[in-house]
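See below for upload_7.txt, which holds compact mmCIF, C-alpha atoms.
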# COMPACT_ATOMS: atom_id res chain seq x y z
CA MET K 29 30.10 21.18 -1.84
CA PRO K 30 26.67 20.04 -3.13
CA LYS K 31 26.21 16.35 -3.90
CA LEU K 32 24.04 14.77 -6.58
CA ILE K 33 21.56 12.07 -5.58
CA GLU K 34 20.03 10.02 -8.39
CA ILE K 35 16.28 9.68 -8.04
CA PHE K 36 13.55 7.97 -10.07
CA GLN K 37 9.80 8.61 -9.90
CA ILE K 38 7.92 5.42 -10.65
CA ASP K 39 4.21 4.70 -11.00
CA ALA K 40 3.42 1.36 -9.31
CA PHE K 41 0.54 -1.07 -9.84
CA THR K 42 0.16 0.03 -13.43
CA SER K 43 1.84 -0.25 -16.83
CA GLU K 44 0.60 3.16 -17.95
CA PRO K 45 2.30 6.46 -17.06
CA PHE K 46 0.34 8.79 -14.78
CA SER K 47 -1.70 5.94 -13.36
CA GLY K 48 -1.33 3.80 -10.26
CA ASN K 49 0.55 5.19 -7.27
CA PRO K 50 3.73 7.28 -7.72
CA ALA K 51 6.76 6.72 -5.51
CA ALA K 52 10.23 8.19 -5.57
CA VAL K 53 13.18 5.80 -5.23
CA VAL K 54 16.75 6.59 -4.17
CA LEU K 55 19.75 4.25 -3.86
CA ASP K 56 22.44 5.75 -1.63
CA ASP K 57 24.56 4.42 1.25
CA PHE K 58 25.42 7.75 2.82
CA LEU K 59 22.19 9.68 3.30
CA LYS K 60 21.39 10.75 6.84
CA GLU K 61 17.91 10.15 8.19
CA SER K 62 17.35 13.90 8.34
CA GLU K 63 18.18 14.10 4.61
CA MET K 64 15.75 11.27 3.84
CA LYS K 65 12.98 13.15 5.65
CA ARG K 66 13.72 16.34 3.77
CA ILE K 67 13.82 14.56 0.41
CA ALA K 68 10.49 12.83 1.11
CA ALA K 69 8.93 16.15 2.10
CA GLU K 70 10.32 17.78 -1.05
CA MET K 71 9.02 15.02 -3.33
CA ASN K 72 5.62 15.29 -1.57
CA LEU K 73 4.50 11.86 -2.78
CA SER K 74 2.70 9.40 -0.54
CA GLU K 75 5.99 7.50 -0.18
CA THR K 76 9.67 7.87 -1.02
CA ALA K 77 11.78 4.71 -0.82
CA PHE K 78 15.43 4.72 0.20
CA LEU K 79 17.61 1.75 -0.74
CA SER K 80 21.08 1.08 0.60
CA SER K 81 23.59 -1.73 1.05
CA SER K 82 22.82 -4.25 3.77
CA ASP K 83 24.68 -6.91 5.73
CA LYS K 84 21.37 -8.56 6.69
CA ALA K 85 19.68 -8.81 3.28
CA ASP K 86 20.28 -7.90 -0.35
CA PHE K 87 19.31 -4.28 0.39
CA ASN K 88 18.10 -2.09 3.21
CA LEU K 89 14.78 -0.43 2.42
CA ARG K 90 13.15 2.47 4.25
CA TRP K 91 9.92 4.27 3.41
CA PHE K 92 9.05 7.88 4.22
CA THR K 93 5.79 9.78 3.77
CA PRO K 94 6.03 13.59 3.59
CA LYS K 95 5.56 13.61 7.38
CA MET K 96 7.14 10.49 8.84
CA GLU K 97 8.90 7.17 8.37
CA ASP K 98 6.56 4.28 7.59
CA ASN K 99 6.83 0.67 8.74
CA LEU K 100 5.59 -0.87 5.49
CA CYS K 101 4.70 0.29 2.00
CA GLY K 102 3.61 -1.93 -0.86
CA HIS K 103 3.68 0.40 -3.83
CA ALA K 104 7.07 1.92 -2.96
CA THR K 105 8.49 -1.60 -2.65
CA ILE K 106 7.15 -2.52 -6.09
CA ALA K 107 8.67 0.76 -7.35
CA SER K 108 11.98 -0.14 -5.70
CA LEU K 109 12.02 -3.51 -7.47
CA HIS K 110 11.39 -1.75 -10.77
CA PHE K 111 14.23 0.70 -10.03
CA LEU K 112 16.62 -2.17 -9.28
CA PHE K 113 15.56 -4.01 -12.44
CA GLU K 114 16.13 -0.93 -14.60
CA LYS K 115 19.55 -0.47 -12.99
CA ASN K 116 20.37 -4.15 -13.77
CA LEU K 117 20.74 -4.91 -10.07
CA ILE K 118 18.13 -7.69 -10.14
CA LYS K 119 17.25 -10.05 -12.96
CA GLU K 120 14.15 -11.61 -14.45
CA ASN K 121 12.69 -14.50 -12.43
CA SER K 122 14.75 -13.71 -9.35
CA GLU K 123 14.05 -13.33 -5.63
CA ILE K 124 15.73 -10.85 -3.29
CA THR K 125 15.38 -9.73 0.32
CA PHE K 126 14.94 -6.31 1.89
CA ASN K 127 15.87 -5.47 5.46
CA THR K 128 13.07 -3.17 6.71
CA LYS K 129 11.42 -1.88 9.88
CA SER K 130 8.92 -4.73 9.42
CA GLY K 131 11.71 -7.33 9.29
CA ILE K 132 13.16 -9.19 6.32
CA ILE K 133 10.82 -8.98 3.34
CA HIS K 134 11.03 -11.40 0.41
CA ALA K 135 10.33 -9.92 -3.00
CA GLY K 136 11.20 -10.47 -6.62
CA LYS K 137 10.68 -10.16 -10.35
CA SER K 138 8.74 -12.71 -12.36
CA ALA K 139 8.36 -12.77 -16.13
CA ASN K 140 5.24 -10.60 -15.99
CA HIS K 141 5.32 -8.56 -12.80
CA TYR K 142 7.00 -7.70 -9.51
CA TRP K 143 5.94 -9.20 -6.19
CA MET K 144 6.54 -8.86 -2.47
CA GLN K 145 5.52 -10.89 0.55
CA ILE K 146 3.42 -9.06 3.14
CA PRO K 147 4.51 -9.64 6.76
CA GLU K 148 2.23 -11.65 9.04
CA THR K 149 -1.26 -10.18 9.09
CA ARG K 150 -3.88 -10.73 11.79
CA PHE K 151 -7.35 -9.28 12.28
CA ASN K 152 -9.60 -8.52 15.20
CA LYS K 153 -13.28 -7.73 14.96
CA ILE K 154 -13.80 -4.35 16.55
CA THR K 155 -17.08 -3.35 18.19
CA LYS K 156 -17.54 0.24 19.23
CA ASP K 157 -19.63 3.25 18.30
CA PHE K 158 -18.40 4.37 14.86
CA ASN K 159 -21.13 6.95 14.23
CA GLU K 160 -18.73 9.89 14.51
CA LEU K 161 -16.28 8.19 12.15
CA PHE K 162 -19.01 7.36 9.66
CA PHE K 163 -20.12 10.99 9.73
CA ALA K 164 -16.56 12.15 8.98
CA LEU K 165 -16.41 9.72 6.06
CA GLY K 166 -19.79 10.80 4.74
CA LEU K 167 -21.18 7.32 5.31
CA SER K 168 -24.70 6.37 6.28
CA THR K 169 -24.80 3.56 8.86
CA SER K 170 -27.30 1.68 6.70
CA LYS K 171 -24.70 1.43 3.93
CA VAL K 172 -22.01 -0.19 6.11
CA ASN K 173 -21.43 -3.91 6.60
CA LYS K 174 -22.12 -5.07 10.15
CA ASP K 175 -18.62 -6.44 10.85
CA ILE K 176 -15.64 -4.08 11.01
CA PHE K 177 -12.10 -5.36 11.47
CA VAL K 178 -8.74 -3.91 12.41
CA SER K 179 -5.42 -5.46 11.38
CA ASN K 180 -2.26 -5.74 13.45
CA ARG K 181 -0.92 -2.81 11.40
CA LYS K 182 -3.85 -0.76 12.73
CA TYR K 183 -5.64 -0.57 9.40
CA LEU K 184 -9.40 -0.33 9.93
CA PHE K 185 -11.38 -2.22 7.25
CA ILE K 186 -14.93 -0.99 6.61
CA GLY K 187 -17.08 -2.72 4.01
CA VAL K 188 -19.86 -0.85 2.22
CA ASP K 189 -22.79 -2.07 0.16
CA ASN K 190 -21.78 -0.99 -3.36
CA LEU K 191 -19.51 1.11 -5.56
CA GLN K 192 -21.84 4.09 -5.59
CA THR K 193 -21.57 4.36 -1.82
CA LEU K 194 -17.78 4.00 -2.02
CA PHE K 195 -17.37 6.61 -4.76
CA ASN K 196 -19.78 9.08 -3.13
CA LEU K 197 -17.89 9.42 0.16
CA GLU K 198 -17.71 13.07 1.22
CA ILE K 199 -14.84 13.15 3.68
CA ASP K 200 -14.20 15.79 6.29
CA PHE K 201 -10.44 15.30 6.63
CA VAL K 202 -10.09 17.75 9.52
CA ARG K 203 -12.67 15.84 11.54
CA LEU K 204 -11.24 12.50 10.39
CA SER K 205 -7.74 13.45 11.51
CA LYS K 206 -9.03 14.47 14.94
CA ILE K 207 -10.89 11.18 15.35
CA ILE K 208 -7.85 9.13 14.39
CA SER K 209 -5.55 11.06 16.74
CA SER K 210 -7.99 10.75 19.66
CA GLN K 211 -7.86 6.94 19.90
CA ASN K 212 -5.37 4.07 19.67
CA ASP K 213 -7.34 1.33 17.88
CA TYR K 214 -6.49 2.32 14.30
CA THR K 215 -4.30 4.75 12.36
CA ASP K 216 -5.48 4.29 8.75
CA ILE K 217 -8.83 3.53 7.16
CA ALA K 218 -9.61 1.21 4.26
CA VAL K 219 -13.15 1.39 2.88
CA TYR K 220 -14.08 -1.26 0.35
CA SER K 221 -16.88 -2.71 -1.74
CA MET K 222 -17.14 -6.15 -3.26
CA GLU K 223 -18.95 -4.60 -6.20
CA THR K 224 -16.24 -3.84 -8.76
CA LEU K 225 -15.71 -2.04 -12.05
CA GLU K 226 -14.25 -5.10 -13.75
CA ALA K 227 -15.86 -8.52 -13.66
CA ASP K 228 -12.66 -10.38 -12.78
CA SER K 229 -11.87 -8.24 -9.71
CA VAL K 230 -12.83 -9.25 -6.16
CA ALA K 231 -13.04 -5.84 -4.45
CA HIS K 232 -12.64 -2.10 -4.94
CA LEU K 233 -10.76 -0.14 -2.27
CA ARG K 234 -10.18 3.40 -1.03
CA PHE K 235 -7.56 4.19 1.61
CA PHE K 236 -7.15 7.20 3.91
CA ALA K 237 -4.14 8.04 6.11
CA PRO K 238 -4.37 11.76 6.99
CA ALA K 239 -2.25 11.35 10.13
CA GLU K 240 0.65 10.31 7.89
CA GLY K 241 0.20 13.20 5.49
CA ILE K 242 -1.73 11.08 2.97
CA LEU K 243 -5.33 12.22 2.58
CA GLU K 244 -6.23 9.51 0.06
CA ASP K 245 -3.68 7.03 -1.24
CA PRO K 246 -4.17 6.16 -4.94
CA VAL K 247 -3.24 2.45 -4.67
CA THR K 248 -2.28 0.72 -1.42
CA GLY K 249 -0.63 -2.69 -1.66
CA SER K 250 -0.24 -2.98 2.13
CA ALA K 251 -4.05 -2.74 2.42
CA ALA K 252 -5.05 -4.68 -0.71
CA GLY K 253 -3.11 -7.77 0.39
CA PRO K 254 -4.67 -8.00 3.85
CA LEU K 255 -8.10 -7.23 2.41
CA LEU K 256 -8.01 -10.36 0.25
CA MET K 257 -6.93 -12.37 3.28
CA LEU K 258 -9.80 -10.89 5.32
CA LEU K 259 -12.34 -11.72 2.60
CA TYR K 260 -10.98 -15.26 2.42
CA GLN K 261 -11.20 -15.72 6.18
CA ARG K 262 -14.82 -14.54 6.09
CA ASN K 263 -15.63 -17.04 3.28
CA LEU K 264 -16.45 -14.25 0.83
CA ILE K 265 -14.24 -15.49 -2.02
CA ASN K 266 -15.96 -18.12 -4.15
CA ASN K 267 -13.88 -21.21 -4.97
CA PHE K 268 -10.78 -19.77 -3.35
CA SER K 269 -7.49 -21.32 -4.54
CA ASP K 270 -4.10 -21.16 -2.86
CA ASN K 271 -1.54 -19.08 -4.80
CA ARG K 272 -4.06 -17.87 -7.34
CA ILE K 273 -3.53 -14.18 -8.07
CA TYR K 274 -6.75 -12.24 -7.41
CA LYS K 275 -7.22 -8.68 -8.66
CA LEU K 276 -8.18 -5.73 -6.45
CA GLU K 277 -9.06 -2.28 -7.80
CA GLN K 278 -8.15 1.16 -6.50
CA GLY K 279 -7.44 4.69 -7.65
CA ASP K 280 -10.18 5.15 -10.25
CA ILE K 281 -11.93 7.88 -8.23
CA LEU K 282 -8.65 9.84 -8.33
CA ASN K 283 -8.05 9.20 -12.04
CA ARG K 284 -5.05 7.06 -10.99
CA LYS K 285 -6.35 3.63 -12.00
CA GLY K 286 -4.32 0.90 -10.32
CA ARG K 287 -4.68 -2.84 -10.06
CA VAL K 288 -3.09 -4.98 -7.35
CA GLY K 289 -2.67 -8.72 -7.71
CA VAL K 290 -2.92 -10.59 -4.41
CA SER K 291 -2.26 -14.24 -3.64
CA TYR K 292 -2.61 -16.11 -0.37
CA ASN K 293 -1.38 -19.57 0.54
CA GLN K 294 -3.44 -20.62 3.53
CA LYS K 295 -1.38 -23.72 4.25
CA ASN K 296 1.87 -21.78 4.67
CA ASN K 297 0.22 -18.46 5.61
CA ILE K 298 2.05 -16.62 2.82
CA LEU K 299 0.46 -13.42 1.54
CA LYS K 300 1.89 -11.70 -1.54
CA ILE K 301 1.05 -8.67 -3.62
CA HIS K 302 1.87 -8.47 -7.31
CA GLY K 303 2.04 -5.55 -9.72
CA ASN K 304 3.66 -3.76 -12.62
CA ALA K 305 5.43 -0.41 -12.64
CA VAL K 306 6.61 2.25 -15.07
CA THR K 307 9.30 4.93 -14.68
CA ILE K 308 8.11 8.44 -15.52
CA LEU K 309 11.01 10.56 -14.31
CA LYS K 310 14.78 10.21 -13.86
CA GLY K 311 17.02 12.90 -12.49
CA ASN K 312 19.32 14.12 -9.74
CA LEU K 313 18.66 15.91 -6.50
CA ILE K 314 21.21 18.56 -5.55
CA ILE K 315 21.64 18.66 -1.79
Output the file's structure as structure tokens, nothing else.
Amino acid sequence: MPKLIEIFQIDAFTSEPFSGNPAAVVLDDFLKESEMKRIAAEMNLSETAFLSSSDKADFNLRWFTPKMEDNLCGHATIASLHFLFEKNLIKENSEITFNTKSGIIHAGKSANHYWMQIPETRFNKITKDFNELFFALGLSTSKVNKDIFVSNRKYLFIGVDNLQTLFNLEIDFVRLSKIISSQNDYTDIAVYSMETLEADSVAHLRFFAPAEGILEDPVTGSAAGPLLMLLYQRNLINNFSDNRIYKLEQGDILNRKGRVGVSYNQKNNILKIHGNAVTILKGNLII
């Protein structure tokens, strides 16, 4: 007999419908992993989040792209918090924990936004010939910052000279996918500029993960958070303050404007992302 599974579609890192990054959210204790994969493929969003009861935290949380299970997702976590708030399962000014493949994640709801703590992030400067990669991205070497870094999550961070360069990327996704699959240094690519659309932002970001079934992600909290930390470590943030929420931009090139707040406490090495969310669809899956 078919069963009904309640599902929300939520736009994260925005307060406006049809902006930011959409994620589907499901709360169910009895779904099989095979069913999660099929639901994520059916929804065909960059991420679908699956919540369930947990004996290790307040909730279990798993993230699936249309192709695979992910280890961490910022926007689908923000969407999950919004789902729980709308279902009256968390309250204003509260903190909860999620048991995930990346460990226990602290998150919560403040008066103005949702937030989550990003697991420990480290960077290594990477020196190799990137000419083939630059060609696949449609990047001229002269437009790229000298130093390129890779995080412990295998995100490759490439800085470019200005917004025009960032917006004018002409990406060969077939070639890019082949390059990514042919090496082990990185799995996803974040290209950023410190020139921004809004004066109070610190960087503008684009993010590509074709190996995970995501050609370009509209807004990527798991990249925006580490990017602020990287800029801080390279002394590129003027008058940096612990716990101040800095704004990063993404999604405008896709007409999915999103804004991610990021804070970093250097003393305690705590990195958080902050954002709003809006529900655009509620319904039931019949499986």
d(atom CA of K:Thr105, atom CA of K:Asn152) in Å: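 Atom-to-atom, atom CA of K:Thr105 to atom CA of K:Asn152, that is 26.3 Å.
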Considering only C-alpha atoms, give me a table of residues in stretch 210-247 of chain K that are at most 12 Å from stretch 283-304 of chain K, with the closest atom pair and distance in Å for each, as a Markdown table.
| residue | atom | partner | partner_atom | distance |
| --- | --- | --- | --- | --- |
| K:Thr224 | CA | K:Arg287 | CA | 11.7 |
| K:Leu225 | CA | K:Lys285 | CA | 10.9 |
| K:Glu226 | CA | K:Arg287 | CA | 10.5 |
| K:Asp228 | CA | K:Arg287 | CA | 11.3 |
| K:Ser229 | CA | K:Arg287 | CA | 9.0 |
| K:Val230 | CA | K:Val290 | CA | 10.2 |
| K:Ala231 | CA | K:Val288 | CA | 10.4 |
| K:His232 | CA | K:Arg287 | CA | 9.5 |
| K:Leu233 | CA | K:Arg287 | CA | 10.2 |
| K:Arg234 | CA | K:Gly286 | CA | 11.3 |
| K:Glu244 | CA | K:Arg284 | CA | 11.4 |
| K:Asp245 | CA | K:Arg284 | CA | 9.8 |
| K:Pro246 | CA | K:Arg284 | CA | 6.2 |
| K:Val247 | CA | K:Gly286 | CA | 6.0 |
Using only C-alpha atoms, pick whichever of K:Ile186, K:Ile315, K:Ala305, K:Cys101 has the shortest atom-to-atom distance to K:Ser47.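 Once distances to K:Ser47 are computed over only C-alpha atoms, the minimum belongs to K:Ala305.
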Which of these residues is nearest to K:Ile176, using all atoms listed in the file: K:Glu223, K:Thr307, K:Leu255, K:Leu55?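 Going through K:Glu223, K:Thr307, K:Leu255, K:Leu55 one by one, the smallest distance to K:Ile176 is for K:Leu255.
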Applying 7 Å and all atoms listed in the file, which residues near K:Phe87 remain after dropping the ones on its own chain fewer than 2 positions away? List them as a short mmCIF file (atom, residue, chain, number, x, y, z; two decimals) with C-alpha atoms, in the frame of the given file.
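Done, and the output landed in result-v2.cif:
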data_model
loop_
_atom_site.label_atom_id
_atom_site.label_comp_id
_atom_site.auth_asym_id
_atom_site.auth_seq_id
_atom_site.Cartn_x
_atom_site.Cartn_y
_atom_site.Cartn_z
CA LEU K 79 17.61 1.75 -0.74
CA SER K 80 21.08 1.08 0.60
CA SER K 81 23.59 -1.73 1.05
CA SER K 82 22.82 -4.25 3.77
CA ALA K 85 19.68 -8.81 3.28
CA LEU K 89 14.78 -0.43 2.42
CA THR K 125 15.38 -9.73 0.32
CA PHE K 126 14.94 -6.31 1.89
CA ASN K 127 15.87 -5.47 5.46
#
Between K:Thr42, K:Thr76, K:Ser179, K:Ser250, which one has atoms that come closest to K:Gln145, using all atoms listed in the file?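 Among the listed residues, K:Ser250 lies closest to K:Gln145.
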Taking (9.9, -17.5, -14.0) in the file's coordinates, which residues come within 6 Å, counting only C-alpha atoms, written as a PDB file with C-alpha atoms, in the frame of the given file?
ATOM      1  CA  ASN K 121      12.690 -14.500 -12.430  1.00  0.00           C
ATOM      2  CA  SER K 138       8.740 -12.710 -12.360  1.00  0.00           C
ATOM      3  CA  ALA K 139       8.360 -12.770 -16.130  1.00  0.00           C
TER       4      ALA K 139
END
Find the residue from K:Asn196, K:Asn72, K:Asn116, K:Thr248 that sits nearest to K:Gly279; use all atoms listed in the file when measuring. K:Thr248
Would you list the contacts of stretch 92-96 of chain K as a list in words, taking every protein, DNA or RNA residue within 7 Å and counting all atoms listed in the file, but skipping same-chain residues closer than 3 positions in sequence?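 In the requested format, the answer is Lys65, Ala68, Ala69, Asn72, Leu73, Ser74, Glu75, Thr76, Ala77, Glu240 and Gly241 of chain K.
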Excluding K:Leu264 and its own-chain neighbours fewer than 5 positions away, which residues fall within 12 Å of it when counting all atoms listed in the file? Please give them as a PyMOL selection string. chain K and resi 187+221-222+230-231+255-259
From the list K:Asp175, K:Asp280, K:Asp213, K:Asp86, which residue is nearest K:Thr128 when using all atoms listed in the file?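 When distances to K:Thr128 are compared using all atoms listed in the file, the smallest one comes from K:Asp86.
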